[in-house]
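Peer 1: File entry29.cif below, mmCIF, C-alpha atoms and all ligand atoms:
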```cif
data_coords
#
loop_
_atom_site.group_PDB
_atom_site.id
_atom_site.type_symbol
_atom_site.label_atom_id
_atom_site.label_comp_id
_atom_site.auth_asym_id
_atom_site.auth_seq_id
_atom_site.Cartn_x
_atom_site.Cartn_y
_atom_site.Cartn_z
ATOM 1 C CA MET A 1 0.551 -3.859 16.343
ATOM 2 C CA ASP A 2 -1.950 -1.420 17.859
ATOM 3 C CA VAL A 3 -4.469 -1.107 15.029
ATOM 4 C CA PRO A 4 -7.791 -0.936 16.882
ATOM 5 C CA GLY A 5 -9.486 1.372 14.355
ATOM 6 C CA PHE A 6 -10.885 1.219 10.797
ATOM 7 C CA ALA A 7 -8.666 0.520 7.781
ATOM 8 C CA LEU A 8 -9.100 1.139 4.068
ATOM 9 C CA ILE A 9 -6.916 -0.981 1.786
ATOM 10 C CA THR A 10 -6.564 -0.681 -1.983
ATOM 11 C CA GLY A 11 -5.361 -3.558 -4.123
ATOM 12 C CA ALA A 12 -6.946 -5.801 -1.492
ATOM 13 C CA ALA A 13 -7.965 -8.615 -3.850
ATOM 14 C CA SER A 14 -4.487 -10.015 -4.392
ATOM 15 C CA GLY A 15 -0.936 -10.393 -3.153
ATOM 16 C CA ILE A 16 0.332 -7.911 -0.616
ATOM 17 C CA GLY A 17 -2.919 -5.919 -0.301
ATOM 18 C CA GLN A 18 -4.777 -9.123 0.530
ATOM 19 C CA ALA A 19 -2.109 -10.060 3.088
ATOM 20 C CA CYS A 20 -2.523 -6.616 4.648
ATOM 21 C CA ALA A 21 -6.297 -7.120 4.903
ATOM 22 C CA LYS A 22 -5.760 -10.439 6.706
ATOM 23 C CA ALA A 23 -3.189 -8.872 9.011
ATOM 24 C CA PHE A 24 -5.544 -6.049 10.036
ATOM 25 C CA VAL A 25 -8.194 -8.656 10.816
ATOM 26 C CA GLN A 26 -5.798 -10.760 12.895
ATOM 27 C CA GLU A 27 -4.431 -7.766 14.789
ATOM 28 C CA GLY A 28 -7.866 -6.628 15.900
ATOM 29 C CA ALA A 29 -8.965 -3.787 13.582
ATOM 30 C CA ALA A 30 -12.588 -2.772 14.104
ATOM 31 C CA GLY A 31 -13.321 -2.790 10.380
ATOM 32 C CA ILE A 32 -11.722 -2.963 6.945
ATOM 33 C CA ALA A 33 -12.806 -1.481 3.617
ATOM 34 C CA LEU A 34 -11.380 -3.465 0.707
ATOM 35 C CA LEU A 35 -10.990 -1.567 -2.580
ATOM 36 C CA ASP A 36 -9.962 -3.236 -5.808
ATOM 37 C CA ARG A 37 -10.892 -3.077 -9.465
ATOM 38 C CA ASN A 38 -11.200 -6.850 -9.293
ATOM 39 C CA ARG A 39 -14.599 -7.768 -7.810
ATOM 40 C CA GLU A 40 -13.472 -11.266 -6.882
ATOM 41 C CA SER A 41 -11.844 -10.091 -3.718
ATOM 42 C CA SER A 42 -11.599 -12.981 -1.277
ATOM 43 C CA MET A 43 -12.670 -12.138 2.251
ATOM 44 C CA PRO A 44 -10.008 -12.417 4.932
ATOM 45 C CA ASP A 45 -10.469 -15.408 7.209
ATOM 46 C CA ASN A 46 -12.495 -14.261 10.188
ATOM 47 C CA HIS A 47 -12.210 -17.289 12.447
ATOM 48 C CA VAL A 48 -9.233 -15.882 14.348
ATOM 49 C CA ARG A 49 -11.469 -13.169 15.777
ATOM 50 C CA THR A 50 -13.319 -13.050 19.006
ATOM 51 C CA SER A 51 -14.361 -9.389 18.592
ATOM 52 C CA PRO A 52 -16.823 -8.178 15.923
ATOM 53 C CA LEU A 53 -15.449 -7.160 12.535
ATOM 54 C CA HIS A 54 -16.992 -4.892 9.922
ATOM 55 C CA ILE A 55 -15.942 -5.683 6.315
ATOM 56 C CA GLU A 56 -16.933 -3.526 3.318
ATOM 57 C CA THR A 57 -15.876 -4.200 -0.273
ATOM 58 C CA TYR A 58 -15.860 -1.703 -3.124
ATOM 59 C CA ALA A 59 -15.149 -2.246 -6.812
ATOM 60 C CA VAL A 60 -12.968 0.746 -7.590
ATOM 61 C CA ASP A 61 -10.462 1.722 -10.247
ATOM 62 C CA VAL A 62 -8.004 3.847 -8.255
ATOM 63 C CA SER A 63 -7.093 5.828 -11.359
ATOM 64 C CA SER A 64 -10.641 7.211 -11.402
ATOM 65 C CA GLU A 65 -10.832 10.278 -9.191
ATOM 66 C CA GLN A 66 -14.634 10.008 -8.949
ATOM 67 C CA GLU A 67 -14.699 6.330 -8.034
ATOM 68 C CA VAL A 68 -12.038 6.819 -5.377
ATOM 69 C CA THR A 69 -13.705 9.837 -3.809
ATOM 70 C CA ARG A 70 -17.073 8.078 -3.718
ATOM 71 C CA ALA A 71 -15.730 4.874 -2.148
ATOM 72 C CA VAL A 72 -13.500 6.587 0.428
ATOM 73 C CA HIS A 73 -16.371 8.820 1.585
ATOM 74 C CA GLN A 74 -18.787 5.903 1.667
ATOM 75 C CA ALA A 75 -16.389 3.800 3.764
ATOM 76 C CA ALA A 76 -15.828 6.666 6.197
ATOM 77 C CA ARG A 77 -19.587 7.261 6.491
ATOM 78 C CA THR A 78 -20.232 3.567 7.104
ATOM 79 C CA PHE A 79 -17.488 3.195 9.717
ATOM 80 C CA GLY A 80 -17.914 6.649 11.241
ATOM 81 C CA ARG A 81 -14.180 7.304 10.777
ATOM 82 C CA LEU A 82 -11.085 6.167 8.878
ATOM 83 C CA ASP A 83 -7.901 5.456 10.827
ATOM 84 C CA TYR A 84 -5.519 3.683 8.451
ATOM 85 C CA VAL A 85 -5.126 3.778 4.699
ATOM 86 C CA VAL A 86 -2.984 1.296 2.800
ATOM 87 C CA ASN A 87 -2.363 2.270 -0.814
ATOM 88 C CA ALA A 88 -1.332 -1.117 -2.230
ATOM 89 C CA ALA A 89 -3.044 -1.100 -5.661
ATOM 90 C CA GLY A 90 -0.433 -1.112 -8.373
ATOM 91 C CA ILE A 91 0.703 -2.548 -11.684
ATOM 92 C CA ALA A 92 4.061 -3.209 -13.307
ATOM 93 C CA ILE A 93 4.833 -3.106 -17.031
ATOM 94 C CA LYS A 94 8.189 -3.890 -18.630
ATOM 95 C CA HIS A 95 9.256 -1.844 -21.665
ATOM 96 C CA GLN A 96 11.053 -4.031 -24.204
ATOM 97 C CA GLY A 97 14.131 -2.109 -25.340
ATOM 98 C CA GLY A 98 14.009 0.230 -22.337
ATOM 99 C CA ALA A 99 13.118 3.910 -21.967
ATOM 100 C CA ALA A 100 13.862 4.717 -25.619
ATOM 101 C CA PHE A 101 11.069 2.411 -26.760
ATOM 102 C CA ALA A 102 8.530 2.728 -23.950
ATOM 103 C CA GLU A 103 4.973 3.076 -25.277
ATOM 104 C CA THR A 104 3.178 6.246 -24.212
ATOM 105 C CA GLN A 105 0.117 4.235 -23.238
ATOM 106 C CA ASP A 106 2.178 1.987 -20.936
ATOM 107 C CA TRP A 107 3.833 5.008 -19.330
ATOM 108 C CA GLN A 108 0.430 6.650 -18.843
ATOM 109 C CA LYS A 109 -1.246 3.558 -17.433
ATOM 110 C CA VAL A 110 1.441 2.905 -14.848
ATOM 111 C CA LEU A 111 1.495 6.525 -13.679
ATOM 112 C CA ASP A 112 -2.326 6.716 -13.666
ATOM 113 C CA ILE A 113 -2.607 3.754 -11.300
ATOM 114 C CA ASN A 114 0.574 3.783 -9.219
ATOM 115 C CA LEU A 115 0.952 7.526 -8.761
ATOM 116 C CA ASN A 116 -2.366 9.251 -9.498
ATOM 117 C CA GLY A 117 -4.312 6.453 -7.798
ATOM 118 C CA THR A 118 -2.187 6.780 -4.666
ATOM 119 C CA PHE A 119 -2.655 10.547 -4.696
ATOM 120 C CA PHE A 120 -6.460 10.339 -5.173
ATOM 121 C CA VAL A 121 -6.832 7.932 -2.244
ATOM 122 C CA LEU A 122 -4.452 9.896 -0.015
ATOM 123 C CA ARG A 123 -6.231 13.172 -0.764
ATOM 124 C CA ALA A 124 -9.739 11.865 -0.155
ATOM 125 C CA ALA A 125 -8.725 10.052 3.044
ATOM 126 C CA ALA A 126 -6.611 12.890 4.452
ATOM 127 C CA GLN A 127 -9.516 15.331 4.172
ATOM 128 C CA ILE A 128 -11.595 12.989 6.319
ATOM 129 C CA MET A 129 -8.815 12.153 8.787
ATOM 130 C CA LEU A 130 -7.956 15.806 9.410
ATOM 131 C CA LYS A 131 -11.499 16.486 10.603
ATOM 132 C CA GLN A 132 -11.838 13.515 12.948
ATOM 133 C CA ASP A 133 -10.908 13.157 16.611
ATOM 134 C CA PRO A 134 -7.610 11.369 17.254
ATOM 135 C CA ILE A 135 -7.760 7.647 17.966
ATOM 136 C CA LEU A 136 -6.813 6.266 21.381
ATOM 137 C CA SER A 137 -3.715 4.075 21.364
ATOM 138 C CA SER A 138 -4.419 0.639 22.770
ATOM 139 C CA ILE A 139 -0.857 0.114 24.026
ATOM 140 C CA ASP A 140 0.100 3.059 26.224
ATOM 141 C CA ARG A 141 -0.198 6.816 26.655
ATOM 142 C CA ARG A 142 1.500 7.769 23.401
ATOM 143 C CA PRO A 143 0.516 10.977 21.623
ATOM 144 C CA LEU A 144 -2.688 10.250 19.762
ATOM 145 C CA GLN A 145 -2.929 9.963 16.021
ATOM 146 C CA ARG A 146 -5.626 11.382 13.800
ATOM 147 C CA GLY A 147 -4.842 9.007 10.968
ATOM 148 C CA SER A 148 -2.051 7.061 9.304
ATOM 149 C CA ILE A 149 -1.477 6.555 5.591
ATOM 150 C CA VAL A 150 0.889 3.936 4.156
ATOM 151 C CA ASN A 151 1.785 4.316 0.485
ATOM 152 C CA PHE A 152 3.333 1.569 -1.616
ATOM 153 C CA SER A 153 6.670 2.392 -3.127
ATOM 154 C CA SER A 154 9.246 -0.291 -3.878
ATOM 155 C CA ILE A 155 12.972 -0.920 -4.009
ATOM 156 C CA GLN A 156 12.400 0.851 -7.323
ATOM 157 C CA GLY A 157 11.493 3.971 -5.368
ATOM 158 C CA ILE A 158 15.175 4.123 -4.373
ATOM 159 C CA VAL A 159 17.055 2.501 -7.246
ATOM 160 C CA GLY A 160 16.427 1.912 -10.929
ATOM 161 C CA ILE A 161 15.892 -1.503 -12.487
ATOM 162 C CA THR A 162 16.270 -2.110 -16.201
ATOM 163 C CA LEU A 163 13.276 -2.059 -18.631
ATOM 164 C CA SER A 164 11.139 -0.521 -15.935
ATOM 165 C CA THR A 165 10.967 3.190 -16.765
ATOM 166 C CA ALA A 166 7.373 4.015 -15.853
ATOM 167 C CA TYR A 167 7.247 1.775 -12.778
ATOM 168 C CA THR A 168 10.522 3.123 -11.385
ATOM 169 C CA VAL A 169 9.400 6.713 -11.958
ATOM 170 C CA SER A 170 6.023 6.052 -10.330
ATOM 171 C CA LYS A 171 7.604 4.491 -7.246
ATOM 172 C CA HIS A 172 10.179 7.295 -6.853
ATOM 173 C CA ALA A 173 7.284 9.762 -7.108
ATOM 174 C CA VAL A 174 5.290 7.932 -4.418
ATOM 175 C CA ILE A 175 8.147 8.586 -1.999
ATOM 176 C CA GLY A 176 8.073 12.279 -2.955
ATOM 177 C CA LEU A 177 4.316 12.388 -2.402
ATOM 178 C CA THR A 178 4.764 10.684 0.965
ATOM 179 C CA ARG A 179 7.441 13.098 2.132
ATOM 180 C CA THR A 180 5.650 16.294 1.150
ATOM 181 C CA ALA A 181 2.264 15.171 2.510
ATOM 182 C CA SER A 182 3.864 14.015 5.756
ATOM 183 C CA GLU A 183 5.287 17.519 6.253
ATOM 184 C CA ASP A 184 1.893 19.068 5.560
ATOM 185 C CA TYR A 185 0.161 17.232 8.408
ATOM 186 C CA ALA A 186 2.814 16.054 10.886
ATOM 187 C CA ALA A 187 1.835 18.653 13.473
ATOM 188 C CA GLN A 188 -1.836 17.653 13.231
ATOM 189 C CA GLY A 189 -1.245 14.006 14.075
ATOM 190 C CA LEU A 190 -1.758 12.649 10.570
ATOM 191 C CA ARG A 191 1.207 10.447 9.629
ATOM 192 C CA VAL A 192 2.168 9.494 6.066
ATOM 193 C CA ASN A 193 4.794 6.843 5.343
ATOM 194 C CA ALA A 194 5.891 4.656 2.462
ATOM 195 C CA ILE A 195 6.807 0.996 2.401
ATOM 196 C CA CYS A 196 9.355 -0.277 -0.100
ATOM 197 C CA PRO A 197 9.069 -4.009 -0.678
ATOM 198 C CA GLY A 198 11.755 -5.971 -2.460
ATOM 199 C CA TYR A 199 10.964 -8.967 -4.676
ATOM 200 C CA THR A 200 7.853 -10.500 -3.116
ATOM 201 C CA GLU A 201 6.012 -13.650 -4.120
ATOM 202 C CA THR A 202 2.648 -12.443 -5.488
ATOM 203 C CA PRO A 203 0.776 -12.761 -8.799
ATOM 204 C CA MET A 204 2.581 -9.590 -9.946
ATOM 205 C CA THR A 205 5.926 -11.383 -9.861
ATOM 206 C CA THR A 206 4.961 -15.014 -10.468
ATOM 207 C CA LYS A 207 2.176 -15.048 -13.072
ATOM 208 C CA ASP A 208 4.514 -14.625 -16.058
ATOM 209 C CA PRO A 209 6.968 -17.603 -16.109
ATOM 210 C CA ALA A 210 9.574 -15.576 -18.048
ATOM 211 C CA VAL A 211 9.513 -12.765 -15.479
ATOM 212 C CA LYS A 212 9.631 -15.307 -12.642
ATOM 213 C CA LYS A 213 12.640 -17.101 -14.171
ATOM 214 C CA ALA A 214 14.593 -13.862 -14.667
ATOM 215 C CA MET A 215 13.742 -12.826 -11.128
ATOM 216 C CA ASP A 216 14.792 -16.139 -9.582
ATOM 217 C CA GLU A 217 18.185 -15.776 -11.243
ATOM 218 C CA ARG A 218 18.584 -12.192 -10.107
ATOM 219 C CA ILE A 219 17.594 -12.976 -6.549
ATOM 220 C CA GLN A 220 20.616 -15.225 -6.088
ATOM 221 C CA THR A 221 23.055 -12.372 -6.716
ATOM 222 C CA ALA A 222 21.103 -9.186 -5.934
ATOM 223 C CA VAL A 223 19.255 -10.059 -2.738
ATOM 224 C CA PRO A 224 21.521 -10.686 0.278
ATOM 225 C CA MET A 225 18.922 -13.019 1.805
ATOM 226 C CA GLN A 226 18.779 -14.904 -1.518
ATOM 227 C CA ARG A 227 15.026 -15.350 -1.476
ATOM 228 C CA MET A 228 11.769 -13.574 -2.259
ATOM 229 C CA GLY A 229 9.677 -12.002 0.474
ATOM 230 C CA ASN A 230 6.368 -13.424 1.561
ATOM 231 C CA PRO A 231 3.403 -10.997 1.351
ATOM 232 C CA LYS A 232 2.899 -11.471 5.100
ATOM 233 C CA GLU A 233 6.379 -10.092 5.742
ATOM 234 C CA ILE A 234 5.434 -6.922 3.868
ATOM 235 C CA ALA A 235 2.089 -6.730 5.710
ATOM 236 C CA ASP A 236 3.973 -6.762 9.031
ATOM 237 C CA GLY A 237 5.840 -3.632 7.945
ATOM 238 C CA VAL A 238 2.575 -2.019 6.836
ATOM 239 C CA LEU A 239 0.888 -2.731 10.163
ATOM 240 C CA TYR A 240 3.845 -1.288 12.025
ATOM 241 C CA LEU A 241 3.666 1.933 9.981
ATOM 242 C CA ALA A 242 -0.139 2.137 10.193
ATOM 243 C CA GLY A 243 -0.523 1.588 13.915
ATOM 244 C CA GLY A 244 0.490 3.218 17.165
ATOM 245 C CA ARG A 245 3.836 1.389 17.439
ATOM 246 C CA SER A 246 5.244 3.844 14.888
ATOM 247 C CA SER A 247 3.840 6.939 16.627
ATOM 248 C CA PHE A 248 7.059 8.973 16.055
ATOM 249 C CA VAL A 249 7.528 7.907 12.423
ATOM 250 C CA THR A 250 6.362 10.032 9.512
ATOM 251 C CA GLY A 251 7.725 10.810 6.041
ATOM 252 C CA SER A 252 9.781 7.624 6.100
ATOM 253 C CA ALA A 253 10.359 4.989 3.454
ATOM 254 C CA LEU A 254 10.688 1.597 5.130
ATOM 255 C CA MET A 255 12.729 -0.916 3.148
ATOM 256 C CA VAL A 256 11.445 -4.495 3.495
ATOM 257 C CA ASP A 257 13.674 -6.032 0.869
ATOM 258 C CA GLY A 258 15.920 -8.797 2.225
ATOM 259 C CA GLY A 259 18.813 -6.338 2.114
ATOM 260 C CA TYR A 260 18.542 -5.482 -1.616
ATOM 261 C CA THR A 261 19.075 -1.717 -1.252
ATOM 262 C CA SER A 262 21.853 -2.042 1.326
ATOM 263 C CA ARG A 263 24.283 -3.091 -1.405
HETATM 264 N N1 LIG B 1 5.375 -8.105 -5.558
HETATM 265 C C1 LIG B 1 6.497 -7.389 -5.508
HETATM 266 O O1 LIG B 1 7.608 -7.936 -5.683
HETATM 267 C C2 LIG B 1 6.446 -5.922 -5.202
HETATM 268 C C3 LIG B 1 7.667 -5.268 -4.940
HETATM 269 C C4 LIG B 1 7.638 -3.911 -4.647
HETATM 270 C C5 LIG B 1 6.449 -3.229 -4.617
HETATM 271 N N2 LIG B 1 5.286 -3.865 -4.889
HETATM 272 C C6 LIG B 1 4.051 -3.082 -4.839
HETATM 273 O O2 LIG B 1 3.162 -3.680 -3.916
HETATM 274 C C7 LIG B 1 1.829 -3.393 -4.305
HETATM 275 C C8 LIG B 1 1.027 -4.688 -4.343
HETATM 276 O O3 LIG B 1 1.596 -5.523 -5.365
HETATM 277 P P1 LIG B 1 1.355 -7.108 -5.455
HETATM 278 O O4 LIG B 1 2.667 -7.713 -5.700
HETATM 279 O O5 LIG B 1 0.523 -7.537 -4.320
HETATM 280 O O6 LIG B 1 0.560 -7.166 -6.831
HETATM 281 P P2 LIG B 1 -0.753 -7.992 -7.265
HETATM 282 O O7 LIG B 1 -0.790 -7.873 -8.730
HETATM 283 O O8 LIG B 1 -0.758 -9.324 -6.620
HETATM 284 O O9 LIG B 1 -1.939 -7.136 -6.609
HETATM 285 C C9 LIG B 1 -2.230 -5.838 -7.036
HETATM 286 C C10 LIG B 1 -3.688 -5.575 -6.794
HETATM 287 O O10 LIG B 1 -3.958 -4.233 -7.240
HETATM 288 C C11 LIG B 1 -5.176 -4.250 -7.955
HETATM 289 N N3 LIG B 1 -5.203 -3.158 -8.922
HETATM 290 C C12 LIG B 1 -4.408 -2.981 -9.991
HETATM 291 N N4 LIG B 1 -4.788 -1.901 -10.674
HETATM 292 C C13 LIG B 1 -5.844 -1.372 -9.996
HETATM 293 C C14 LIG B 1 -6.676 -0.245 -10.206
HETATM 294 N N5 LIG B 1 -6.527 0.558 -11.267
HETATM 295 N N6 LIG B 1 -7.644 0.006 -9.302
HETATM 296 C C15 LIG B 1 -7.843 -0.805 -8.255
HETATM 297 N N7 LIG B 1 -7.108 -1.891 -8.006
HETATM 298 C C16 LIG B 1 -6.108 -2.168 -8.873
HETATM 299 C C17 LIG B 1 -5.205 -5.609 -8.665
HETATM 300 O O11 LIG B 1 -6.528 -5.973 -9.062
HETATM 301 C C18 LIG B 1 -4.624 -6.511 -7.591
HETATM 302 O O12 LIG B 1 -5.642 -7.028 -6.753
HETATM 303 C C19 LIG B 1 1.921 -2.690 -5.657
HETATM 304 O O13 LIG B 1 1.824 -1.298 -5.457
HETATM 305 C C20 LIG B 1 3.299 -3.065 -6.148
HETATM 306 O O14 LIG B 1 3.813 -2.105 -7.047
HETATM 307 C C21 LIG B 1 5.260 -5.214 -5.172
#
```
Please express what this file holds, its structure, as structure tokens.
Ligand SMILES: NC(=O)c1ccc[n+]([C@@H]2O[C@H](COP(=O)([O-])OP(=O)(O)OC[C@H]3O[C@@H](n4cnc5c(N)ncnc54)[C@H](O)[C@@H]3O)[C@@H](O)[C@H]2O)c1
Peer 2:
Amino acid sequence: MDVPGFALITGAASGIGQACAKAFVQEGAAGIALLDRNRESSMPDNHVRTSPLHIETYAVDVSSEQEVTRAVHQAARTFGRLDYVVNAAGIAIKHQGGAAFAETQDWQKVLDINLNGTFFVLRAAAQIMLKQDPILSSIDRRPLQRGSIVNFSSIQGIVGITLSTAYTVSKHAVIGLTRTASEDYAAQGLRVNAICPGYTETPMTTKDPAVKKAMDERIQTAVPMQRMGNPKEIADGVLYLAGGRSSFVTGSALMVDGGYTSR
């Protein structure tokens, strides 16, 4: 997937973020910085590697501007540069009764993490990426890239799903952030894209049996492939967007959703 450089991944302790960390390791990244508010981040399995790998972990709440700025700068100082950023940290909250009854604190929390957190990481990383020399592609003589940022939206960045006001708004906004930032830096070789997973089997979707049951029912009618995605299938899309194989792609929102949004 052409990811020879250094990656920073948020939400790396679980689900899709963790799958992304493993994928960067397997595809030959030089180093990965794992950011999560959960300290019990499990290290990606390193046995597949023949080349050296630098792993850094940081306990960070992405909704804290200070914590994000500190960790992003520290990772860049340690690695000497930052080539790929994956903004996977996120939460989902359902509002019983829908938008009319959504609690302000739920609304705030979701936007603080999913939207503000993504912005804080993007901003801190982009400032570093814009100052660094472009990375050499390992596949061919493609135009070089100075950095690549992949933000996590969702099928809910494109469509609305019931009882999900704050989450849907946050994921629509992440696509807006991606598009405007991609325009800002396209000419300088800094690419910004979004990935939009459909229902994917992670703790976010499986830890609550009631949510899981409702989702399993919905999947049969709403998802053309009639199944959930595996986190690895989302990580493949992330690696494509992060690395040199997507050298002419910026400002896009890649649907990895088993066909959900094609209906
Ligand atoms: N699972 C799905 O079906 C699905 C679908 C579409 C989009 N997404 C998005 O994919 C991303 C990853 O989701 P997942 O399913 O792997 O969820 P998950 O709950 O398994 O993992 C999320 C990770 O983010 C971390 N996190 C949460 N709040 C944080 C904060 N304030 N600071 C730092 N870390 C924080 C958690 O500790 C956890 O490790 C999220 O942005 C989610 O919205 C997931």
Peer 1: Figure out the distance between CA of Cys196 (chain A) and CA of Ile128 (chain A), please, to one decimal in Å.
Peer 2: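 It comes out at 25.6 Å.
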Peer 1: Expand the PyMOL selection byres (((not hetatm)) within 7 of (chain B and resi 1)) into the explicit residue set it covers here, and present it as JSON, numbers by chain.
Peer 2: {"A": [10, 11, 12, 13, 14, 15, 16, 17, 35, 36, 37, 38, 60, 61, 62, 63, 88, 89, 90, 91, 92, 113, 114, 152, 153, 154, 155, 196, 197, 198, 199, 200, 201, 202, 203, 204, 205]}
Peer 1: Hey, can you check how far CA of Ala235 (chain A) sits from CA of Ala19 (chain A)?
Peer 2: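 These two atoms are separated by 6.0 Å.
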Peer 1: Could you expand the PyMOL selection byres (((chain A and resi 70-72) around 10) and not hetatm) into the explicit residues it covers here, written as a list in words?
Peer 2: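 Evaluating the PyMOL selection byres (((chain A and resi 70-72) around 10) and not hetatm) on these coordinates yields Leu8, Ala33, Leu34, Leu35, Thr57, Tyr58, Ala59, Val60, Val62, Glu65, Gln66, Glu67, Val68, Thr69, His73, Gln74, Ala75, Ala76, Arg77, Thr78, Leu82, Val85, Phe120, Val121, Leu122, Arg123, Ala124, Ala125 and Ile128 of chain A.
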Peer 1: Taking the file above as input, evaluate the PyMOL selection byres (((chain A and resi 162) around 10) and not hetatm) and report the hits as an MDAnalysis selection string.
Peer 2: chainID A and resid 94:99 160:161 163:165 168
Peer 1: Restricting the output to C-alpha atoms, write the selected residues as a tab-separated table (two decimals), keeping the file's coordinate frame.
Peer 2:
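Contents of out.tsv, freshly written:
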```tsv
chain	number	residue	atom	x	y	z
A	94	LYS	CA	8.19	-3.89	-18.63
A	95	HIS	CA	9.26	-1.84	-21.66
A	96	GLN	CA	11.05	-4.03	-24.20
A	97	GLY	CA	14.13	-2.11	-25.34
A	98	GLY	CA	14.01	0.23	-22.34
A	99	ALA	CA	13.12	3.91	-21.97
A	160	GLY	CA	16.43	1.91	-10.93
A	161	ILE	CA	15.89	-1.50	-12.49
A	163	LEU	CA	13.28	-2.06	-18.63
A	164	SER	CA	11.14	-0.52	-15.94
A	165	THR	CA	10.97	3.19	-16.76
A	168	THR	CA	10.52	3.12	-11.38
```
Peer 1: Nearest residue to Pro134 (chain A) out of A:Arg191, A:Lys232, A:Lys207, A:Lys109, using all atoms listed in the file?
Peer 2: A:Arg191
Peer 1: In Å, rounded to a single decimal, give me how far CA of Ala173 (chain A) is from CA of Ala210 (chain A).
Peer 2: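 Atom-to-atom, CA of Ala210 (chain A) to CA of Ala173 (chain A), that is 27.7 Å.
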Peer 1: Would you mind telling me which residue in A:Ser170, A:Thr206, A:Ser138, A:Thr250 lies nearest to Leu190 (chain A) when using all atoms listed in the file?
Peer 2: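 For Leu190 (chain A), the nearest of the given residues is A:Thr250.
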Peer 1: For a quick check of understanding, using all atoms listed in the file, which of A:Met1, A:Ala30, A:Val192, A:Ala166 has the smallest distance to Ser148 (chain A)?
Peer 2: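 Using all atoms listed in the file, Ser148 (chain A) sits closest to A:Val192.
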Peer 1: Of the candidates A:Val86, A:Ala214, A:Ile175, A:Phe79, which shows the shortest atom-to-atom distance to Ile234 (chain A), using all atoms listed in the file?
Peer 2: A:Val86
Peer 1: Skipping near chain neighbours, those fewer than 3 positions away, what residues fall within 7 Å of Ser137 (chain A) using only C-alpha atoms, listed as a list in words?
Peer 2: Asp2, Asp140, Arg141, Arg142, Leu144 and Gly244 of chain A
Peer 1: Would you mind telling me which residue in A:Gln108, A:Asn193, A:Thr180, A:Thr118 lies nearest to Leu254 (chain A) when using all atoms listed in the file?
Peer 2: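 Closest to Leu254 (chain A), using all atoms listed in the file: A:Asn193.
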Peer 1: As lines of an AutoDock Vina configuration file, what would the box around region 252-263 of chain A look like: edges along x, y and z, 4 Å added on every side, centre and edge lengths in Å to one decimal?
Peer 2:
```
center_x = 17.0
center_y = -0.6
center_z = 2.2
size_x = 22.5
size_y = 24.4
size_z = 15.7
```
Peer 1: What's around Gly5 (chain A) at 8 Å? Count all atoms listed in the file, leave out sequence neighbours fewer than 6 positions away in its own chain, and write the answer as a CSV table (one decimal) with C-alpha atoms, in the frame of the given file.
Peer 2:
```csv
chain,number,residue,atom,x,y,z
A,29,ALA,CA,-9.0,-3.8,13.6
A,30,ALA,CA,-12.6,-2.8,14.1
A,31,GLY,CA,-13.3,-2.8,10.4
A,82,LEU,CA,-11.1,6.2,8.9
A,83,ASP,CA,-7.9,5.5,10.8
A,84,TYR,CA,-5.5,3.7,8.5
A,135,ILE,CA,-7.8,7.6,18.0
```
Peer 1: Taking only C-alpha atoms into account, which of A:Val169, A:Val238, A:Val256, A:Ala126 comes nearest Ile93 (chain A)?
Peer 2: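 Residue with the minimum atom-to-atom distance to Ile93 (chain A): A:Val169.
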Peer 1: For region 126-133 of chain A, which lacks atoms in the input, supply N, CA, C and O atoms and format the output as a CSV table (one decimal), in the frame of the given file.
Peer 2:
```csv
chain,number,residue,atom,x,y,z
A,126,ALA,N,-7.2,11.9,3.6
A,126,ALA,CA,-6.6,12.9,4.5
A,126,ALA,C,-7.6,14.0,4.8
A,126,ALA,O,-7.7,14.4,6.0
A,127,GLN,N,-8.5,14.3,3.9
A,127,GLN,CA,-9.5,15.3,4.2
A,127,GLN,C,-10.4,14.8,5.3
A,127,GLN,O,-10.8,15.6,6.2
A,128,ILE,N,-10.7,13.6,5.3
A,128,ILE,CA,-11.6,13.0,6.3
A,128,ILE,C,-10.8,12.9,7.6
A,128,ILE,O,-11.3,13.3,8.7
A,129,MET,N,-9.6,12.4,7.6
A,129,MET,CA,-8.8,12.2,8.8
A,129,MET,C,-8.5,13.5,9.5
A,129,MET,O,-8.6,13.5,10.7
A,130,LEU,N,-8.3,14.5,8.8
A,130,LEU,CA,-8.0,15.8,9.4
A,130,LEU,C,-9.1,16.4,10.2
A,130,LEU,O,-8.9,17.2,11.1
A,131,LYS,N,-10.3,15.9,9.9
A,131,LYS,CA,-11.5,16.5,10.6
A,131,LYS,C,-11.9,15.6,11.8
A,131,LYS,O,-12.8,16.0,12.6
A,132,GLN,N,-11.3,14.4,11.9
A,132,GLN,CA,-11.8,13.5,12.9
A,132,GLN,C,-11.0,13.6,14.2
A,132,GLN,O,-9.9,14.1,14.2
A,133,ASP,N,-11.6,13.2,15.3
A,133,ASP,CA,-10.9,13.2,16.6
A,133,ASP,C,-9.8,12.1,16.5
A,133,ASP,O,-9.9,11.1,15.9
```
